[in-house]
>>> print(open('upload18.cif').read())   # mmCIF, C-alpha atoms
data_protein
loop_
_atom_site.label_atom_id
_atom_site.label_comp_id
_atom_site.auth_asym_id
_atom_site.auth_seq_id
_atom_site.Cartn_x
_atom_site.Cartn_y
_atom_site.Cartn_z
CA MET Q 1 -77.79 -68.55 146.06
CA ILE Q 2 -79.39 -66.89 143.10
CA VAL Q 3 -77.51 -63.71 143.79
CA THR Q 4 -74.20 -65.61 144.05
CA LYS Q 5 -74.69 -67.35 140.66
CA SER Q 6 -75.49 -64.05 138.98
CA THR Q 7 -72.41 -62.54 140.50
CA LEU Q 8 -70.30 -65.42 139.21
CA SER Q 9 -71.84 -65.21 135.74
CA ALA Q 10 -71.15 -61.52 135.55
CA ALA Q 11 -67.56 -62.12 136.64
CA ALA Q 12 -67.12 -64.81 133.93
CA MET Q 13 -68.45 -62.45 131.25
CA ILE Q 14 -66.10 -59.71 132.37
CA LEU Q 15 -63.14 -62.15 132.21
CA LEU Q 16 -64.15 -63.34 128.70
CA MET Q 17 -64.54 -59.82 127.42
CA GLY Q 18 -61.18 -58.99 128.85
CA SER Q 19 -59.63 -61.96 127.04
CA VAL Q 20 -61.20 -60.91 123.72
CA SER Q 21 -60.01 -57.38 124.30
CA PHE Q 22 -56.51 -58.65 124.96
CA ALA Q 23 -56.61 -60.83 121.82
CA GLN Q 24 -57.91 -58.05 119.61
CA SER Q 25 -55.46 -55.51 120.95
CA GLY Q 26 -52.49 -57.84 120.43
CA ASN Q 27 -51.81 -58.16 124.14
CA PRO Q 28 -51.30 -61.70 125.42
CA VAL Q 29 -54.20 -63.53 126.97
CA PRO Q 30 -53.50 -64.80 130.44
CA GLY Q 31 -51.77 -68.17 130.10
CA GLU Q 32 -50.68 -67.46 126.46
CA ARG Q 33 -46.97 -67.91 125.61
CA VAL Q 34 -45.01 -64.72 125.01
CA ASP Q 35 -41.51 -63.91 123.74
CA ALA Q 36 -38.84 -61.79 125.41
CA ASN Q 37 -40.64 -58.65 124.30
CA GLY Q 38 -43.88 -59.84 125.81
CA MET Q 39 -45.54 -60.49 122.44
CA PRO Q 40 -47.64 -63.67 121.90
CA THR Q 41 -45.57 -66.31 120.08
CA ALA Q 42 -48.57 -68.17 118.59
CA ARG Q 43 -49.81 -65.23 116.52
CA SER Q 44 -48.64 -64.03 113.10
CA THR Q 45 -47.01 -60.66 112.82
CA PRO Q 46 -48.40 -58.11 110.32
CA ALA Q 47 -45.41 -58.88 108.07
CA GLU Q 48 -46.12 -62.60 108.25
CA GLN Q 49 -49.78 -62.01 107.53
CA ALA Q 50 -48.86 -59.90 104.48
CA GLN Q 51 -46.45 -62.61 103.32
CA THR Q 52 -49.20 -65.23 103.70
CA VAL Q 53 -51.57 -63.13 101.60
CA GLU Q 54 -48.90 -62.74 98.91
CA LEU Q 55 -48.17 -66.48 98.90
CA ASN Q 56 -51.89 -67.21 98.58
CA LYS Q 57 -52.03 -64.87 95.59
CA GLN Q 58 -49.05 -66.61 93.97
CA VAL Q 59 -50.57 -70.06 94.54
CA GLY Q 60 -53.87 -68.85 93.13
CA ALA Q 61 -52.13 -67.43 90.04
CA GLN Q 62 -50.19 -70.68 89.55
CA ASN Q 63 -53.42 -72.68 89.85
CA ASP Q 64 -55.13 -70.41 87.31
CA ALA Q 65 -52.19 -70.81 84.90
CA ALA Q 66 -52.26 -74.59 85.33
CA ASP Q 67 -56.01 -74.65 84.66
CA ALA Q 68 -55.57 -72.49 81.55
CA LYS Q 69 -52.75 -74.74 80.27
CA ALA Q 70 -54.87 -77.85 80.88
CA ALA Q 71 -57.79 -76.25 79.03
CA THR Q 72 -55.50 -75.39 76.08
CA SER Q 73 -54.13 -78.96 76.03
CA ASP Q 74 -57.65 -80.37 76.11
CA ALA Q 75 -58.74 -78.09 73.25
CA LYS Q 76 -55.70 -79.08 71.15
CA ALA Q 77 -56.31 -82.77 71.83
CA ALA Q 78 -59.94 -82.38 70.79
CA ALA Q 79 -58.91 -80.54 67.59
CA ASP Q 80 -56.26 -83.17 66.77
CA ASN Q 81 -58.78 -85.94 67.31
CA ALA Q 82 -61.35 -84.20 65.09
CA GLN Q 83 -58.72 -83.78 62.35
CA TYR Q 84 -57.71 -87.45 62.65
CA GLN Q 85 -61.34 -88.57 62.42
CA ALA Q 86 -61.87 -86.41 59.32
CA GLN Q 87 -58.71 -87.80 57.68
CA GLN Q 88 -59.76 -91.35 58.58
CA GLN Q 89 -63.20 -90.83 57.03
CA GLN Q 90 -61.60 -89.35 53.90
CA TYR Q 91 -59.22 -92.31 53.62
CA GLU Q 92 -62.05 -94.82 54.08
CA GLY Q 93 -64.11 -93.00 51.44
CA GLN Q 94 -61.20 -93.08 48.99
CA LEU Q 95 -60.63 -96.75 49.76
CA ARG Q 96 -64.28 -97.57 49.07
CA GLN Q 97 -64.13 -95.59 45.83
CA SER Q 98 -60.95 -97.41 44.78
CA GLN Q 99 -62.50 -100.78 45.58
CA ALA Q 100 -65.62 -99.88 43.59
CA GLN Q 101 -63.47 -98.83 40.62
CA GLN Q 102 -61.49 -102.07 40.89
CA ARG Q 103 -64.71 -104.12 40.91
CA ASP Q 104 -65.99 -102.17 37.92
CA TYR Q 105 -62.73 -102.80 36.06
CA GLN Q 106 -62.89 -106.51 36.88
CA ASP Q 107 -66.49 -106.65 35.66
CA ARG Q 108 -65.53 -104.92 32.41
CA THR Q 109 -62.59 -107.25 31.86
CA ALA Q 110 -64.78 -110.29 32.54
CA ALA Q 111 -67.33 -109.01 30.03
CA TYR Q 112 -64.58 -108.56 27.44
CA ASN Q 113 -63.23 -112.06 28.05
CA SER Q 114 -66.73 -113.53 27.62
CA LEU Q 115 -67.24 -111.65 24.39
CA GLN Q 116 -63.81 -112.58 23.12
CA ASN Q 117 -64.32 -116.28 23.78
CA ARG Q 118 -67.84 -116.29 22.37
CA TYR Q 119 -67.18 -114.25 19.26
CA ALA Q 120 -63.56 -115.19 18.53
CA ALA Q 121 -64.37 -116.93 15.25
CA GLU Q 122 -66.72 -114.18 14.13
CA ARG Q 123 -64.27 -111.41 14.98
CA ALA Q 124 -61.53 -113.20 13.09
CA ALA Q 125 -63.66 -112.81 9.97
CA TYR Q 126 -63.99 -109.01 10.26
CA ARG Q 127 -62.42 -106.93 7.54
CA ARG Q 128 -59.16 -105.28 8.46
CA GLY Q 129 -57.32 -102.64 6.50
CA VAL Q 130 -53.60 -102.71 5.77
CA TRP Q 131 -51.59 -100.70 8.25
CA PRO Q 132 -49.63 -97.84 6.70
CA SER Q 133 -45.94 -98.61 7.12
CA ARG Q 134 -45.38 -95.79 9.59
CA TYR Q 135 -48.07 -97.24 11.96
CA VAL Q 136 -46.91 -100.86 12.08
CA LYS Q 137 -44.53 -100.37 15.03
CA TRP Q 138 -46.96 -98.37 17.19
CA VAL Q 139 -48.03 -101.28 19.39
CA ILE Q 140 -49.59 -100.62 22.77
CA VAL Q 141 -47.15 -100.23 25.65
CA ASP Q 142 -47.89 -102.46 28.65
CA ARG Q 143 -50.02 -100.75 31.33
CA ASP Q 144 -50.06 -97.47 29.41
CA ALA Q 145 -52.28 -95.17 31.50
CA GLY Q 146 -52.25 -92.51 28.77
CA LEU Q 147 -54.73 -94.48 26.68
CA ILE Q 148 -57.77 -93.43 28.68
CA GLY Q 149 -59.46 -90.45 27.05
CA GLU Q 150 -57.60 -90.74 23.73
CA ARG Q 151 -59.56 -90.42 20.51
CA VAL Q 152 -59.72 -93.46 18.22
CA GLN Q 153 -59.22 -93.14 14.47
CA LEU Q 154 -59.70 -95.40 11.49
CA ILE Q 155 -56.66 -95.87 9.23
CA THR Q 156 -58.27 -93.22 7.01
CA GLY Q 157 -57.82 -90.68 9.81
CA THR Q 158 -61.53 -90.41 10.63
CA ASN Q 159 -62.37 -90.25 14.35
CA VAL Q 160 -64.83 -92.90 15.51
CA GLY Q 161 -64.75 -92.86 19.33
CA THR Q 162 -62.91 -92.42 22.64
CA VAL Q 163 -61.04 -94.90 24.85
CA ILE Q 164 -62.78 -95.20 28.24
CA ASP Q 165 -61.12 -98.30 29.73
CA THR Q 166 -58.60 -101.09 29.15
CA ALA Q 167 -58.45 -104.84 29.80
CA HIS Q 168 -55.26 -106.69 30.71
CA THR Q 169 -53.91 -110.21 30.60
CA ALA Q 170 -52.78 -112.01 33.75
CA GLY Q 171 -49.25 -110.82 32.96
CA GLY Q 172 -50.37 -107.18 32.88
CA LYS Q 173 -50.29 -106.57 29.11
CA VAL Q 174 -53.07 -104.50 27.57
CA SER Q 175 -55.32 -107.00 25.80
CA ALA Q 176 -58.15 -104.73 24.65
CA LEU Q 177 -59.52 -101.19 24.69
CA LEU Q 178 -63.06 -100.31 25.67
CA VAL Q 179 -64.16 -97.60 23.24
CA LYS Q 180 -67.23 -95.41 23.34
CA LEU Q 181 -68.14 -94.79 19.72
CA ASP Q 182 -69.35 -91.39 18.66
CA SER Q 183 -72.75 -93.03 18.19
CA ASP Q 184 -72.70 -93.64 21.99
CA LYS Q 185 -72.36 -97.40 21.54
CA ILE Q 186 -69.68 -99.29 23.50
CA VAL Q 187 -67.26 -101.75 21.88
CA TRP Q 188 -64.20 -103.76 22.89
CA ILE Q 189 -61.35 -103.62 20.37
CA ASP Q 190 -58.60 -106.21 20.67
CA ALA Q 191 -55.08 -104.86 21.15
CA SER Q 192 -54.00 -106.62 17.95
CA ASP Q 193 -56.43 -104.40 16.03
CA VAL Q 194 -54.98 -101.19 17.50
CA ARG Q 195 -51.84 -99.10 17.06
CA TYR Q 196 -50.93 -96.32 19.47
CA ASN Q 197 -48.57 -93.42 18.93
CA ARG Q 198 -48.12 -92.16 22.47
CA ALA Q 199 -46.07 -89.14 21.35
CA ASP Q 200 -48.90 -87.82 19.18
CA GLY Q 201 -51.73 -89.32 21.24
CA ILE Q 202 -53.12 -91.19 18.24
CA VAL Q 203 -55.02 -94.46 18.76
CA MET Q 204 -55.76 -96.14 15.42
CA THR Q 205 -57.69 -99.26 14.46
CA ASN Q 206 -57.67 -101.08 11.15
CA LEU Q 207 -61.23 -102.33 11.63
CA ASP Q 208 -64.05 -101.14 9.40
CA ARG Q 209 -66.58 -98.62 10.79
CA ALA Q 210 -69.50 -100.93 9.98
CA ASP Q 211 -67.81 -103.85 11.73
CA LEU Q 212 -67.22 -101.67 14.81
CA ARG Q 213 -70.95 -100.91 14.96
CA HIS Q 214 -71.73 -104.61 14.58
CA MET Q 215 -69.27 -105.53 17.34
CA ALA Q 216 -70.87 -102.93 19.62
CA ASP Q 217 -74.21 -104.71 19.23
CA GLU Q 218 -72.77 -108.01 20.45
CA ARG Q 219 -74.07 -109.13 23.85
CA VAL Q 220 -72.86 -111.77 26.24
#
>>> encode(input="upload18.cif", output="structure tokens")
Amino acid sequence: MIVTKSTLSAAAMILLMGSVSFAQSGNPVPGERVDANGMPTARSTPAEQAQTVELNKQVGAQNDAADAKAATSDAKAAADNAQYQAQQQQYEGQLRQSQAQQRDYQDRTAAYNSLQNRYAAERAAYRRGVWPSRYVKWVIVDRDAGLIGERVQLITGTNVGTVIDTAHTAGGKVSALLVKLDSDKIVWIDASDVRYNRADGIVMTNLDRADLRHMADERV
């Protein structure tokens, strides 16, 4: 019995080797379907195998191109988002700065109104020079932004300070100028005590220099 099994095993190995040999050589394995020329129908021809390789290359190239395009799109989206965030931060910073300037302006206007109400009688008693005829019509234009930074003169032509801010009425008219005197003191000058020649950039007051210094020392 042992000899019989060995004989059968050897026969099976020979048959398997023969099948592998047939498969490797392109000949049909017993039981495998063949065409009219006797070639196996379930196997790819060399031409088909070459076509499959070429198709695989094309698919691989298309996948690589798609990956590259997706990477480019992702990079652009990231750059656009970074630019948007930077612009948003800049806008928010400008908004905060504008709000701070608005609060500062409101504080200055409130300070002027307090001074005006408190010292109205005293300011009415200040000495005022007579306007030269050519200056009488140079009243301040409503909301005139050109006032900031203009030098302020006495009616004698002597410079005494620089306009650094303005106050307005509820209707928007300029009601006073905040002037930094050349002595570094700060004083509010009512619009009625000022004439402004926008063409020449001349801001003139008919108040006395000494009175301006006294007004600058007033505190709320």
>>> atom_distance(input="upload18.cif", atom1="atom CA of Asp107 of chain Q", atom2="atom CA of Asp182 of chain Q")
23.0 Å
>>> atom_distance(input="upload18.cif", atom1="atom CA of Leu178 of chain Q", atom2="atom CA of Gly201 of chain Q")
16.4 Å
>>> axis_aligned_box(input="upload18.cif", around="segment 69-77 of chain Q", padding_each_side="5 Å", output="lines of an AutoDock Vina configuration file")
center_x = -55.7
center_y = -78.8
center_z = 76.0
size_x = 16.0
size_y = 18.0
size_z = 19.7
>>> atom_distance(input="upload18.cif", atom1="atom CA of Arg128 of chain Q", atom2="atom CA of Gln106 of chain Q")
28.7 Å
>>> resolve_selection(input="upload18.cif", expression="the PyMOL selection byres ((chain Q and resi 209) around 10)", output="list of chain:residue names")
Q:Arg127, Q:Gln153, Q:Leu154, Q:Thr158, Q:Val160, Q:Leu181, Q:Thr205, Q:Asn206, Q:Leu207, Q:Asp208, Q:Ala210, Q:Asp211, Q:Leu212, Q:Arg213, Q:His214, Q:Met215
>>> write_last_selection(input="upload18.cif", atoms="C-alpha atoms", output="mmCIF file, in the frame of the given file")
data_model
loop_
_atom_site.group_PDB
_atom_site.id
_atom_site.type_symbol
_atom_site.label_atom_id
_atom_site.label_comp_id
_atom_site.auth_asym_id
_atom_site.auth_seq_id
_atom_site.Cartn_x
_atom_site.Cartn_y
_atom_site.Cartn_z
ATOM 1 C CA ARG Q 127 -62.420 -106.930 7.540
ATOM 2 C CA GLN Q 153 -59.220 -93.140 14.470
ATOM 3 C CA LEU Q 154 -59.700 -95.400 11.490
ATOM 4 C CA THR Q 158 -61.530 -90.410 10.630
ATOM 5 C CA VAL Q 160 -64.830 -92.900 15.510
ATOM 6 C CA LEU Q 181 -68.140 -94.790 19.720
ATOM 7 C CA THR Q 205 -57.690 -99.260 14.460
ATOM 8 C CA ASN Q 206 -57.670 -101.080 11.150
ATOM 9 C CA LEU Q 207 -61.230 -102.330 11.630
ATOM 10 C CA ASP Q 208 -64.050 -101.140 9.400
ATOM 11 C CA ALA Q 210 -69.500 -100.930 9.980
ATOM 12 C CA ASP Q 211 -67.810 -103.850 11.730
ATOM 13 C CA LEU Q 212 -67.220 -101.670 14.810
ATOM 14 C CA ARG Q 213 -70.950 -100.910 14.960
ATOM 15 C CA HIS Q 214 -71.730 -104.610 14.580
ATOM 16 C CA MET Q 215 -69.270 -105.530 17.340
#
>>> resolve_selection(input="upload18.cif", expression="the PyMOL selection byres ((chain Q and resi 161-177) around 6)", output="PyMOL selection string")
chain Q and resi 109+142+148-152+160+178-182+188-191
>>> closest_residue(input="upload18.cif", among="Q:Ala216, Q:Lys69, Q:Asp200, Q:Gln102", to="Lys185 of chain Q", atoms="all atoms listed in the file")
Q:Ala216
